[in-house]
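Student: Okay, so here is work18.txt, and as you'll see once you scroll down, it has compact mmCIF, C-alpha atoms.
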# COMPACT_ATOMS: atom_id res chain seq x y z
CA MET H 781 -14.06 11.34 43.34
CA LEU H 782 -14.55 14.63 41.53
CA SER H 783 -11.71 13.94 39.08
CA ALA H 784 -13.28 10.59 38.13
CA ILE H 785 -16.54 12.34 37.36
CA ARG H 786 -14.73 15.01 35.37
CA LEU H 787 -12.83 12.37 33.34
CA ALA H 788 -15.98 10.42 32.62
CA HIS H 789 -17.69 13.59 31.44
CA ALA H 790 -14.74 14.58 29.26
CA HIS H 791 -14.81 11.16 27.56
CA ALA H 792 -18.51 11.57 26.78
CA GLN H 793 -17.69 14.73 24.80
CA GLU H 794 -15.33 12.95 22.39
CA SER H 795 -15.87 14.05 18.79
CA PHE H 796 -16.64 11.57 16.04
CA GLU H 797 -13.25 12.32 14.47
CA ALA H 798 -11.42 11.68 17.75
CA PHE H 799 -13.43 8.49 18.25
CA SER H 800 -12.51 7.32 14.75
CA GLU H 801 -8.85 8.15 15.20
CA ARG H 802 -8.74 6.37 18.56
CA TYR H 803 -10.20 3.15 17.17
CA VAL H 804 -8.17 3.21 13.95
CA ASN H 805 -5.04 3.45 16.10
CA TYR H 806 -6.32 0.75 18.43
CA PHE H 807 -6.99 -1.74 15.63
CA GLN H 808 -3.72 -0.95 13.88
CA ASN H 809 -1.89 -1.93 17.07
CA ALA H 810 -4.02 -4.92 18.10
CA GLU H 811 -1.73 -7.93 18.38
CA ASP H 812 -4.11 -10.83 18.99
CA LEU H 813 -7.70 -11.93 18.55
CA PHE H 814 -8.65 -11.01 22.12
CA GLU H 815 -7.58 -7.39 21.54
CA VAL H 816 -9.42 -7.21 18.22
CA GLN H 817 -12.64 -8.60 19.69
CA ARG H 818 -12.40 -6.41 22.80
CA GLY H 819 -11.95 -3.36 20.58
CA LEU H 820 -14.94 -4.37 18.47
CA ASN H 821 -17.13 -4.84 21.54
CA ASN H 822 -16.15 -1.42 22.85
CA CYS H 823 -16.41 0.31 19.49
CA PHE H 824 -19.81 -1.11 18.56
CA ALA H 825 -21.22 -0.44 22.03
CA HIS H 826 -21.33 3.30 21.27
CA ASP H 827 -24.46 4.90 19.86
CA LEU H 828 -22.96 5.58 16.44
CA VAL H 829 -21.89 3.79 13.30
CA PRO H 830 -18.09 3.47 13.08
CA SER H 831 -16.52 5.35 10.18
CA PRO H 832 -15.33 3.40 7.13
CA ALA H 833 -11.75 4.04 8.31
CA VAL H 834 -12.50 2.29 11.62
CA VAL H 835 -14.20 -0.60 9.82
CA GLU H 836 -11.21 -0.93 7.49
CA ALA H 837 -8.73 -0.95 10.37
CA ALA H 838 -10.83 -3.52 12.23
CA VAL H 839 -11.13 -5.83 9.20
CA ARG H 840 -7.39 -5.57 8.55
CA ALA H 841 -6.73 -6.40 12.20
CA ALA H 842 -9.04 -9.43 12.05
CA ARG H 843 -7.27 -10.72 8.95
CA ARG H 844 -3.86 -9.95 10.48
CA VAL H 845 -4.65 -12.22 13.43
CA ASN H 846 -6.02 -14.75 10.91
CA ASP H 847 -9.66 -14.68 11.99
CA TYR H 848 -11.87 -14.66 8.91
CA ALA H 849 -15.09 -15.11 10.89
CA THR H 850 -14.51 -11.91 12.83
CA ALA H 851 -13.83 -10.04 9.59
CA VAL H 852 -17.22 -11.19 8.27
CA ARG H 853 -18.92 -10.34 11.57
CA ILE H 854 -17.60 -6.77 11.43
CA PHE H 855 -19.74 -6.19 8.36
CA GLU H 856 -22.69 -7.82 10.13
CA GLY H 857 -22.18 -5.34 12.96
CA VAL H 858 -22.22 -2.45 10.51
CA SER H 859 -25.44 -3.76 8.96
CA GLU H 860 -27.07 -3.73 12.41
CA LYS H 861 -25.82 -0.24 13.30
CA VAL H 862 -26.85 1.64 10.14
CA GLU H 863 -30.31 3.14 9.81
CA ASN H 864 -31.22 1.56 6.48
CA VAL H 865 -30.11 -0.75 3.69
CA ALA H 866 -28.88 2.15 1.54
CA GLN H 867 -26.37 3.16 4.22
CA TYR H 868 -25.13 -0.43 4.50
CA GLN H 869 -24.75 -0.61 0.72
CA ALA H 870 -22.75 2.63 0.82
CA TYR H 871 -20.36 1.05 3.34
CA LEU H 872 -20.04 -2.08 1.19
CA GLU H 873 -19.33 0.01 -1.89
CA GLU H 874 -16.76 2.18 -0.13
CA LEU H 875 -15.00 -0.87 1.31
CA LYS H 876 -15.32 -3.05 -1.80
CA SER H 877 -11.62 -2.83 -2.71
CA LEU H 878 -10.66 -3.78 0.87
CA ARG H 879 -12.97 -6.79 0.78
CA GLU H 880 -11.51 -7.88 -2.55
CA GLU H 881 -7.93 -7.33 -1.37
CA LEU H 882 -8.43 -9.38 1.81
CA GLY H 883 -10.87 -11.91 0.37
CA VAL H 884 -13.67 -11.09 2.80
CA SER H 885 -17.24 -11.91 1.86
CA VAL H 886 -20.28 -10.61 3.68
CA LYS H 887 -22.97 -12.79 5.21
CA GLU H 888 -25.38 -12.04 2.34
CA GLU H 889 -22.85 -13.48 -0.13
CA LEU H 890 -22.06 -16.51 2.00
CA TYR H 891 -25.69 -17.33 2.81
CA PRO H 892 -27.99 -15.86 0.14
CA LYS H 893 -31.67 -15.81 1.02
CA ALA H 894 -33.75 -18.34 -0.85
CA SER H 895 -36.11 -16.71 -3.29
Can you dump the structure from the file as structure tokens?
Tutor:
Amino acid sequence: MLSAIRLAHAHAQESFEAFSERYVNYFQNAEDLFEVQRGLNNCFAHDLVPSPAVVEAAVRAARRVNDYATAVRIFEGVSEKVENVAQYQAYLEELKSLREELGVSVKEELYPKAS
């Protein structure tokens, strides 16, 4: 019982860099849609915004398993996790070349708000 508590506590102390590395590796090795979606659920459940490297690995994994909708939803998840629109725009700008390479649009491009 004590070792389970100790392991749970050790996991809670994971650094942001270790978290990012863990999920980049996870998404690079995901072999099917179930694994990609499970990884996304776990990753986005944490009280932080995934690094651009994690987002890139996740989007590449979604496209690798041929699931465009999940690739779009990853960016929706980022938009919900960031604190403000400027942070979301920074993610979009940093990942612009990835989006162009993989042909991934974001929800705002697919469904523009009527003005």
Student: So which residues touch region 854-871 of chain H within 10 Å, counting all atoms listed in the file, skipping near sequence neighbours fewer than 2 positions away, as a PyMOL selection string?
Tutor: chain H and resi 817+820-821+824-832+835-836+838-839+842+849-852+873-876+884-888
Student: Now that the selection is made, can you save its residues with C-alpha atoms as a compact mmCIF listing (two decimals), in the frame of the given file?
Tutor:
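The resulting file, again_17.txt, is shown below:
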# COMPACT_ATOMS: atom_id res chain seq x y z
CA GLN H 817 -12.64 -8.60 19.69
CA LEU H 820 -14.94 -4.37 18.47
CA ASN H 821 -17.13 -4.84 21.54
CA PHE H 824 -19.81 -1.11 18.56
CA ALA H 825 -21.22 -0.44 22.03
CA HIS H 826 -21.33 3.30 21.27
CA ASP H 827 -24.46 4.90 19.86
CA LEU H 828 -22.96 5.58 16.44
CA VAL H 829 -21.89 3.79 13.30
CA PRO H 830 -18.09 3.47 13.08
CA SER H 831 -16.52 5.35 10.18
CA PRO H 832 -15.33 3.40 7.13
CA VAL H 835 -14.20 -0.60 9.82
CA GLU H 836 -11.21 -0.93 7.49
CA ALA H 838 -10.83 -3.52 12.23
CA VAL H 839 -11.13 -5.83 9.20
CA ALA H 842 -9.04 -9.43 12.05
CA ALA H 849 -15.09 -15.11 10.89
CA THR H 850 -14.51 -11.91 12.83
CA ALA H 851 -13.83 -10.04 9.59
CA VAL H 852 -17.22 -11.19 8.27
CA GLU H 873 -19.33 0.01 -1.89
CA GLU H 874 -16.76 2.18 -0.13
CA LEU H 875 -15.00 -0.87 1.31
CA LYS H 876 -15.32 -3.05 -1.80
CA VAL H 884 -13.67 -11.09 2.80
CA SER H 885 -17.24 -11.91 1.86
CA VAL H 886 -20.28 -10.61 3.68
CA LYS H 887 -22.97 -12.79 5.21
CA GLU H 888 -25.38 -12.04 2.34
Student: Record the distance separating CA of Phe814 (chain H) and CA of Ser800 (chain H), expressed in Å with one decimal.
Tutor: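 If I compute the distance from CA of Phe814 (chain H) to CA of Ser800 (chain H), I get 20.1 Å.
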Student: Hey, what's within 12 Å of Glu811 (chain H) if we count only C-alpha atoms and toss same-chain stuff fewer than 4 positions away? As a count of residues only, please?
Tutor: 15
Student: Would you work out the distance separating CA of Phe799 (chain H) from CA of Asn822 (chain H), expressed in Å to one decimal?
Tutor: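 Distance between the two atoms: 11.3 Å.
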Student: Which residue out of H:Leu890, H:Arg853, H:Ala798, H:Ala837 has the minimum interatomic distance to Leu878 (chain H) when all atoms listed in the file are used?
Tutor: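 Closest candidate: H:Ala837.
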Student: With 4 Å of padding per side, what axis-aligned box (centre and edge lengths, Å, one decimal) covers all the listed atoms of region 809-812 of chain H? Give it as lines of an AutoDock Vina configuration file.
Tutor:
center_x = -2.9
center_y = -6.4
center_z = 18.0
size_x = 10.4
size_y = 16.9
size_z = 9.9
Student: In Å, with one decimal, what is the gap from CA of Ala833 (chain H) to CA of Pro892 (chain H)?
Tutor: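 Computed distance, CA of Ala833 (chain H) to CA of Pro892 (chain H), equals 27.0 Å.
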